Each structure stands twice: as C-alpha cells, then as structure tokens.
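Engineer: This one is final.txt, compact mmCIF, C-alpha atoms.
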# COMPACT_ATOMS: atom_id res chain seq x y z
CA MET A 1 43.15 87.08 120.45
CA ALA A 2 39.38 87.35 120.95
CA SER A 3 38.06 86.78 124.46
CA THR A 4 35.91 83.86 125.59
CA LEU A 5 33.76 83.34 128.67
CA VAL A 6 34.52 80.64 131.23
CA ASN A 7 31.58 79.57 133.42
CA ASN A 8 29.76 82.71 132.24
CA THR A 9 31.77 84.84 134.69
CA VAL A 10 35.49 84.71 133.86
CA VAL A 11 36.74 86.38 130.68
CA LYS A 12 39.56 84.31 129.17
CA PHE A 13 42.44 85.66 127.08
CA SER A 14 45.61 84.11 125.74
CA GLY A 15 49.06 85.58 125.15
CA HIS A 16 50.99 88.56 126.47
CA GLU A 17 49.77 91.12 123.93
CA HIS A 18 47.57 93.81 125.52
CA LEU A 19 48.29 92.19 128.88
CA ARG A 20 48.75 95.41 130.84
CA ASN A 21 45.46 96.91 129.67
CA ARG A 22 43.57 93.71 130.45
CA ILE A 23 44.96 93.58 133.97
CA VAL A 24 43.84 97.18 134.49
CA LEU A 25 40.32 96.45 133.21
CA SER A 26 39.98 93.45 135.49
CA LEU A 27 41.16 95.32 138.60
CA LEU A 28 38.93 98.33 138.01
CA SER A 29 35.83 96.37 137.00
CA GLY A 30 36.17 93.68 139.65
CA LYS A 31 35.54 91.08 136.96
CA PRO A 32 37.88 88.06 137.02
CA ILE A 33 39.89 87.26 133.92
CA ARG A 34 42.12 84.36 132.98
CA ILE A 35 45.18 84.89 130.81
CA ASP A 36 47.11 81.87 129.55
CA LYS A 37 50.51 81.66 127.81
CA ILE A 38 51.93 84.91 129.22
CA ARG A 39 55.36 85.08 127.61
CA SER A 40 55.56 81.33 128.12
CA ASP A 41 58.82 81.14 126.15
CA ASP A 42 60.61 83.69 128.36
CA LYS A 43 63.11 82.64 130.97
CA ASP A 44 61.22 84.83 133.45
CA PRO A 45 57.55 84.71 132.42
CA GLY A 46 54.90 86.56 134.38
CA LEU A 47 53.20 89.91 134.87
CA ARG A 48 54.46 93.48 134.75
CA GLU A 49 51.52 95.50 135.95
CA PRO A 50 51.08 99.15 134.99
CA VAL A 51 50.88 101.76 137.71
CA LEU A 52 49.74 104.98 136.11
CA MET A 53 46.28 103.76 135.07
CA LEU A 54 45.57 102.34 138.52
CA ALA A 55 47.16 104.94 140.82
CA PRO A 56 44.19 107.39 140.95
CA PHE A 57 41.94 104.58 142.22
CA ALA A 58 44.11 103.33 145.07
CA LYS A 59 43.13 103.44 148.73
CA LYS A 60 45.70 106.09 149.62
CA PRO A 61 47.76 108.64 147.64
CA LEU A 62 50.65 106.94 145.92
CA ASN A 63 54.30 107.87 146.37
CA LEU A 64 56.68 105.55 144.55
CA THR A 65 60.38 105.50 143.83
CA LEU A 66 61.05 103.48 140.68
CA THR A 67 64.44 102.43 139.38
CA GLY A 68 65.70 101.01 136.09
CA VAL A 69 65.59 102.06 132.43
CA THR A 70 64.06 105.51 131.87
CA THR A 71 64.17 105.54 128.05
CA ASP A 72 64.12 102.72 125.50
CA ASP A 73 62.34 101.76 122.29
CA LYS A 74 59.72 99.54 123.99
CA ASP A 75 57.74 101.84 126.29
CA LEU A 76 56.97 105.53 126.75
CA SER A 77 59.94 107.35 128.21
CA VAL A 78 59.77 109.14 131.54
CA ASP A 79 59.92 112.41 129.60
CA LEU A 80 56.74 111.57 127.69
CA LEU A 81 55.02 110.38 130.85
CA ARG A 82 55.86 113.63 132.60
CA THR A 83 55.11 116.10 129.80
CA VAL A 84 52.27 114.37 127.92
CA THR A 85 50.66 111.55 129.91
CA LEU A 86 50.17 113.47 133.15
CA PRO A 87 48.47 116.42 131.38
CA HIS A 88 46.03 113.91 129.88
CA LEU A 89 45.07 112.81 133.39
CA GLN A 90 44.33 116.43 134.23
CA LEU A 91 41.57 116.43 131.60
CA PHE A 92 39.62 114.11 133.90
CA GLY A 93 40.20 116.01 137.14
CA ILE A 94 43.38 114.23 138.26
CA SER A 95 45.64 117.22 138.72
CA GLU A 96 46.63 118.48 142.15
CA GLY A 97 49.44 116.40 143.55
CA VAL A 98 50.23 114.32 140.46
CA GLU A 99 53.94 114.58 139.67
CA LEU A 100 56.83 112.68 138.14
CA LYS A 101 60.34 113.73 139.15
CA ILE A 102 63.34 112.42 137.24
CA LYS A 103 66.20 111.97 139.69
CA LYS A 104 68.57 109.98 137.48
CA ARG A 105 68.41 108.70 133.92
CA GLY A 106 69.16 105.13 132.94
CA ALA A 107 69.72 103.50 129.56
CA PRO A 108 69.47 99.81 128.67
CA PRO A 109 70.74 97.29 129.40
CA LEU A 110 72.05 98.33 132.83
CA GLY A 111 69.42 100.91 133.73
CA GLY A 112 70.38 102.85 136.83
CA GLY A 113 67.70 105.50 136.45
CA GLU A 114 65.48 106.70 139.26
CA VAL A 115 62.13 108.52 139.22
CA GLN A 116 59.68 109.55 141.93
CA PHE A 117 55.99 109.26 141.07
CA SER A 118 53.27 110.87 143.18
CA CYS A 119 49.56 110.60 142.46
CA PRO A 120 46.49 111.65 144.43
CA ILE A 121 43.40 109.47 144.70
CA VAL A 122 40.02 110.48 143.32
CA ARG A 123 36.49 109.43 144.10
CA ASN A 124 35.26 109.83 140.54
CA LEU A 125 36.31 111.31 137.21
CA LYS A 126 35.10 114.27 135.22
CA ILE A 127 33.45 113.71 131.86
CA ILE A 128 35.39 114.85 128.80
CA ASN A 129 34.26 116.84 125.77
CA PHE A 130 37.53 117.37 123.90
CA VAL A 131 36.63 117.97 120.26
CA GLU A 132 38.49 121.12 119.17
CA THR A 133 42.05 120.50 117.97
CA GLY A 134 43.01 124.17 117.65
CA LYS A 135 46.20 125.39 116.00
CA ILE A 136 49.72 124.37 116.95
CA LYS A 137 51.33 127.11 119.02
CA ARG A 138 54.44 125.43 120.40
CA ILE A 139 56.86 122.58 119.70
CA ARG A 140 59.28 121.49 122.40
CA GLY A 141 62.07 118.95 122.60
CA ILE A 142 63.84 117.08 125.39
CA ALA A 143 67.19 115.44 124.66
CA SER A 144 68.48 112.64 126.85
CA PRO A 145 72.27 112.86 126.42
CA GLY A 146 73.58 110.09 124.24
CA PHE A 147 70.49 108.09 123.49
CA ALA A 148 67.08 109.73 122.95
CA LEU A 149 65.04 112.70 121.76
CA THR A 150 61.47 113.48 122.80
CA LEU A 151 59.34 115.96 120.82
CA LEU A 152 55.87 117.29 121.56
CA SER A 153 53.55 119.83 120.02
CA GLU A 154 50.87 121.76 121.89
CA SER A 155 47.87 123.47 120.33
CA THR A 156 45.81 126.49 121.31
CA THR A 157 43.24 124.11 122.87
CA SER A 158 45.91 122.14 124.79
CA ALA A 159 45.88 119.18 122.40
CA ILE A 160 49.26 117.45 122.66
CA HIS A 161 50.97 115.19 120.12
CA CYS A 162 54.27 113.51 120.83
CA ALA A 163 57.00 111.38 119.34
CA GLU A 164 60.41 110.15 120.33
CA ALA A 165 63.39 108.33 118.91
CA VAL A 166 66.11 106.29 120.60
CA SER A 167 69.64 106.05 119.28
CA GLN A 168 70.59 102.81 117.52
CA PRO A 169 74.13 101.47 117.02
CA GLY A 170 75.94 103.62 114.49
CA ALA A 171 73.30 106.37 114.48
CA THR A 172 74.31 110.02 114.70
CA PRO A 173 72.42 112.67 116.73
CA GLU A 174 71.12 114.01 113.43
CA ASP A 175 69.68 110.59 112.60
CA VAL A 176 67.83 110.47 115.92
CA ALA A 177 66.48 114.00 115.42
CA LEU A 178 65.26 113.19 111.91
CA VAL A 179 63.38 110.08 113.04
CA ALA A 180 61.75 111.95 115.93
CA ALA A 181 60.77 114.92 113.75
CA ARG A 182 59.21 112.73 111.07
CA SER A 183 57.30 110.76 113.70
CA LEU A 184 55.92 113.96 115.22
CA LEU A 185 54.84 115.25 111.81
CA SER A 186 53.04 111.96 111.20
CA GLU A 187 51.20 112.28 114.52
CA VAL A 188 50.21 115.88 113.82
CA ARG A 189 49.08 114.98 110.31
CA GLY A 190 46.76 112.34 111.76
CA GLY A 191 44.93 115.09 113.64
CA GLY A 192 42.75 114.82 116.69
CA CYS A 193 43.10 116.09 120.24
CA VAL A 194 44.89 112.96 121.49
CA ASP A 195 47.77 111.15 119.82
CA GLN A 196 47.90 107.40 119.24
CA LYS A 197 50.14 106.73 122.23
CA HIS A 198 47.45 108.00 124.61
CA GLN A 199 44.26 106.78 122.98
CA CYS A 200 43.89 103.82 125.36
CA LEU A 201 44.41 105.94 128.46
CA VAL A 202 41.79 108.46 127.36
CA MET A 203 39.30 105.74 126.40
CA LEU A 204 39.66 104.09 129.80
CA MET A 205 39.04 107.36 131.62
CA MET A 206 36.04 108.09 129.40
CA VAL A 207 34.50 104.74 130.32
CA LEU A 208 35.08 105.34 134.04
CA GLY A 209 33.68 108.89 133.89
CA THR A 210 30.42 110.17 135.34
CA GLU A 211 27.15 108.85 133.94
CA ASP A 212 27.02 111.07 130.90
CA VAL A 213 28.25 111.03 127.32
CA GLY A 214 31.95 111.80 126.87
CA ARG A 215 33.40 112.75 123.51
CA CYS A 216 36.89 113.06 122.11
CA ARG A 217 38.30 113.86 118.68
CA ILE A 218 41.20 111.57 117.72
CA GLY A 219 43.27 110.59 114.72
CA PRO A 220 43.26 107.09 113.18
CA LEU A 221 42.79 104.33 115.73
CA SER A 222 45.85 102.20 116.36
CA GLU A 223 45.53 98.41 116.37
CA ARG A 224 46.16 98.50 120.10
CA SER A 225 43.29 100.96 120.59
CA ILE A 226 40.90 98.86 118.50
CA GLN A 227 41.68 95.80 120.62
CA PHE A 228 41.30 97.86 123.79
CA MET A 229 37.79 98.88 122.71
CA ARG A 230 36.95 95.20 122.31
CA ASP A 231 38.38 94.38 125.72
CA ILE A 232 36.41 97.24 127.32
CA ARG A 233 33.24 95.83 125.78
CA ASP A 234 34.00 92.33 127.09
CA VAL A 235 34.90 93.46 130.62
CA PHE A 236 32.73 96.53 131.27
CA GLY A 237 29.98 95.92 128.71
CA THR A 238 30.54 99.43 127.35
CA THR A 239 30.81 100.18 123.64
CA PHE A 240 32.14 103.25 121.84
CA LYS A 241 30.44 105.06 119.02
CA VAL A 242 33.02 105.88 116.33
CA VAL A 243 32.14 108.25 113.49
CA PRO A 244 34.09 110.53 111.12
CA ALA A 245 34.81 113.83 112.87
CA ASP A 246 34.13 115.76 109.66
CA PRO A 247 31.92 113.74 107.28
CA SER A 248 32.11 116.49 104.66
CA ASP A 249 35.89 116.10 104.34
CA SER A 250 36.68 112.78 102.67
CA ALA A 251 40.43 113.31 103.10
CA SER A 252 40.24 113.73 106.88
CA LYS A 253 41.41 110.82 109.03
CA GLU A 254 40.00 112.26 112.23
CA LEU A 255 37.38 110.37 114.21
CA LEU A 256 34.92 111.34 116.91
CA ILE A 257 34.61 108.70 119.62
CA SER A 258 31.98 108.79 122.34
CA CYS A 259 30.69 106.57 125.10
CA TYR A 260 28.44 106.70 128.13
CA GLY A 261 30.44 106.72 131.35
CA ILE A 262 29.71 104.02 133.92
CA GLY A 263 30.00 106.45 136.84
CA TYR A 264 32.87 104.57 138.45
CA VAL A 265 33.30 105.34 142.16
CA ASN A 266 36.59 104.62 143.89
CA SER A 267 35.36 102.42 146.74
CA ASN A 268 39.00 101.81 147.81
CA ARG A 269 39.41 105.45 148.82
CA SER A 270 40.10 105.93 152.51
CA VAL A 271 37.53 107.98 154.38
CA ALA A 272 39.15 110.78 156.36
Show me this structure written as structure tokens.
Structural biologist:
Amino acid sequence: MASTLVNNTVVKFSGHEHLRNRIVLSLLSGKPIRIDKIRSDDKDPGLREPVLMLAPFAKKPLNLTLTGVTTDDKDLSVDLLRTVTLPHLQLFGISEGVELKIKKRGAPPLGGGEVQFSCPIVRNLKIINFVETGKIKRIRGIASPGFALTLLSESTTSAIHCAEAVSQPGATPEDVALVAARSLLSEVRGGGCVDQKHQCLVMLMMVLGTEDVGRCRIGPLSERSIQFMRDIRDVFGTTFKVVPADPSDSASKELLISCYGIGYVNSNRSVA
C-alpha cells in the first residue's frame, strides 16, 4: 500500500507486508511512522522486528543467542544468513567481529534450534561500487539433514547468488535438490552482483553510505525491492537511479542502480 503523510510529519502505512523494512527505515531515520492493521486477523498480532539490519547501528556491539526455527519456507535460513548475508555486510565495511554460529538446528513446528549472533558497531558505512559480475568459480551446498538444502554460487569478483529448498510432505531428497538447483540457476541467469534475496539489504546500506554516489549491478528487481525503494523515498527522501546495465544488449535483464548516500552517522555508538 502507498504511504500517506499524517500531520506532515508521520508517514502512515497499512498492513503487515514490508513491515520489517519499514520499521528499520523509521528507526534509522528517526522519522515516526504509523502502521495500521498489522496482521489484525492473527491470534497474536504485533511486530517481529529484524535484527541484522539494525545491529551495526546499535550503541554497543551485539551478542545475541536466538532460539527457534532455523530453516523454513518463510524466511532466509541461518545457513544463508551466515554464508551470503554476512559477506554482503562486509562490502560496506562491517566485517571484523560479525559472526553467526549455529549451535543447534530446529525445524518447524517445534523449533529447538539455537544460534549465536555477534555484530560490531560502526560509525559510518563505506560507499559501494559493485558493478562487475565476473565468472562463476565455485558452487557450494549445505544440507540440513531431513528438511533443507542451501546452494550458493560465488564469482571471481565475489558476487554471490543463492537459493534454497525445504522438504515438503512426500518429497524425496532428490526433489529438494532439484528445486534448489533450478532456483539457483534462475538467480544466476538473472545476473547482477547481488541476488534478489539481498537487494533490499544492499539498497539500505547504499542509502546510509557516505555522501557520495554508490552503484551496484543487480538482476531484475523483485516486487519487494520496488516497494522498498518507494519506502526509502518516503522516509529518507532519497531516490535511486535505475538504468539498464548494458543498453546495447536488449536480452539482458541486468540493471545498474545508484544513489547518493546520506552520510549516516551512528549517533548511538558509545564513545570509549
């Protein structure tokens, strides 16, 4: 749903879709938002705030122990977070001390998994200029016994694409592997230096970067990413320039996105 302004200061949204990203934008920008009808039909309506996008901008380094489901078909698995998401943070200078340890795995509905997440704090972020996709040099897989397969490809320029599949009732291990492999091929075929699952994370970090132009080559924008661009515009007042990455190639689906960083400074950071 499109946003509206309340009293010229509060940005108003409705519904639970894109909720996590909107909470992040509000907290980082300091701009108040109002969100109505958040899973209003649920027995337990409310907020489930994301941690990874906010952790680098906390007051002190974060060390969390999280329990529950580690792999399902609704969110990124802990394997993807560890092997793909964290390396994307490193592109912006969030590297030393960031770690995700998987202590125990847990499947729905009972969960029982346990992970330890550590993240340093930063004062500001590096600008990104990630436009060369390179050639694929490695494909790796991580199997969670009994219920999931995570696949990722890495290129010569450290571009990572990922996919995963979770076992469904009656499915064989071969079925899970086939779904994951086809999903990875689709991601790779889309091109770019960042896959669709991480477009929003990269766009957020680009906006928060130093006061300079950041650029990134990506594949087709997901619907979630398109809405996130709109939300960034409404909350931060920042817009992205989106152009074909290779105008001479009509068959290419790759895009070049760029924006001017706002020079975000982590004012929460404790002074030693």
Engineer: Measuring atom to atom with only C-alpha atoms, identify which of A:Phe228, A:Lys60, A:Ala107, A:Ser95 is nearest to Val202 (chain A).
Structural biologist: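 Ranking A:Phe228, A:Lys60, A:Ala107, A:Ser95 by distance to Val202 (chain A), first place goes to A:Phe228.
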Engineer: Distance CA of Leu62 (chain A)-CA of Cys119 (chain A), one decimal place?
Structural biologist: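 Straight-line distance from CA of Leu62 (chain A) to CA of Cys119 (chain A) works out to 5.2 Å.
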Engineer: Can you list, as a ChimeraX atom specification, every protein, DNA or RNA residue that comes within 9 Å of Arg138 (chain A) when you count all atoms listed in the file, leaving out same-chain residues fewer than 5 positions away?
Structural biologist: /A:152-156
Engineer: One number please: CA of Ser158 (chain A) to CA of Cys193 (chain A), in Å, one decimal.
Structural biologist: 8.1 Å
Engineer: Do you know which residues lie at most 9 Å from (37.7, 86.1, 136.4), with coordinates as in the file and all atoms listed in the file counted, and could you write them as number ranges by chain?
Structural biologist: A: 6, 9-12, 26, 30-34
Engineer: Mind pulling up the distance from CA of Asp75 (chain A) to CA of Pro109 (chain A)?
Structural biologist: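 Separation of CA of Pro109 (chain A) and CA of Asp75 (chain A): 14.1 Å.
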Engineer: May I ask which of the residues A:Ala165, A:Ile257, A:Val242, A:Ala177 is the closest one to Lys74 (chain A), counting only C-alpha atoms?
Structural biologist: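 Ranked by minimum distance to Lys74 (chain A), first place goes to A:Ala165.
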Engineer: Which residue out of A:Leu178, A:Leu100, A:Glu114, A:Ile35 has the minimum interatomic distance to Arg20 (chain A) when only C-alpha atoms are used?
Structural biologist: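 Looking only at the distances to Arg20 (chain A), the closest residue turns out to be A:Ile35.
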Engineer: Identify which of the residues A:Ser77, A:Asn21, A:Ser258, A:Thr210 lies closest to Met53 (chain A), counting only C-alpha atoms when measuring atom-to-atom distances.
Structural biologist: A:Asn21
Engineer: From the options A:Pro56, A:Pro220, A:Gly261, A:Pro169, which residue's atoms come nearest to Thr239 (chain A), counting only C-alpha atoms?
Structural biologist: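 Comparing A:Pro56, A:Pro220, A:Gly261, A:Pro169 against Thr239 (chain A), the winner is A:Gly261.
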Engineer: Determine, counting all atoms listed in the file, which protein, DNA and RNA residues have an atom within 9 Å of an atom of Glu96 (chain A); residues of the same chain fewer than 3 positions away are not included. Present the result as a list in words.
Structural biologist: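 Answer for this query is Gln90, Gly93, Glu99, Cys119 and Pro120 of chain A.
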Engineer: Nearest to Met203 (chain A) among A:Arg123, A:Arg189, A:His16, A:His88, with distances taken over only C-alpha atoms: which residue is it?
Structural biologist: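 Residue with the minimum atom-to-atom distance to Met203 (chain A): A:His88.
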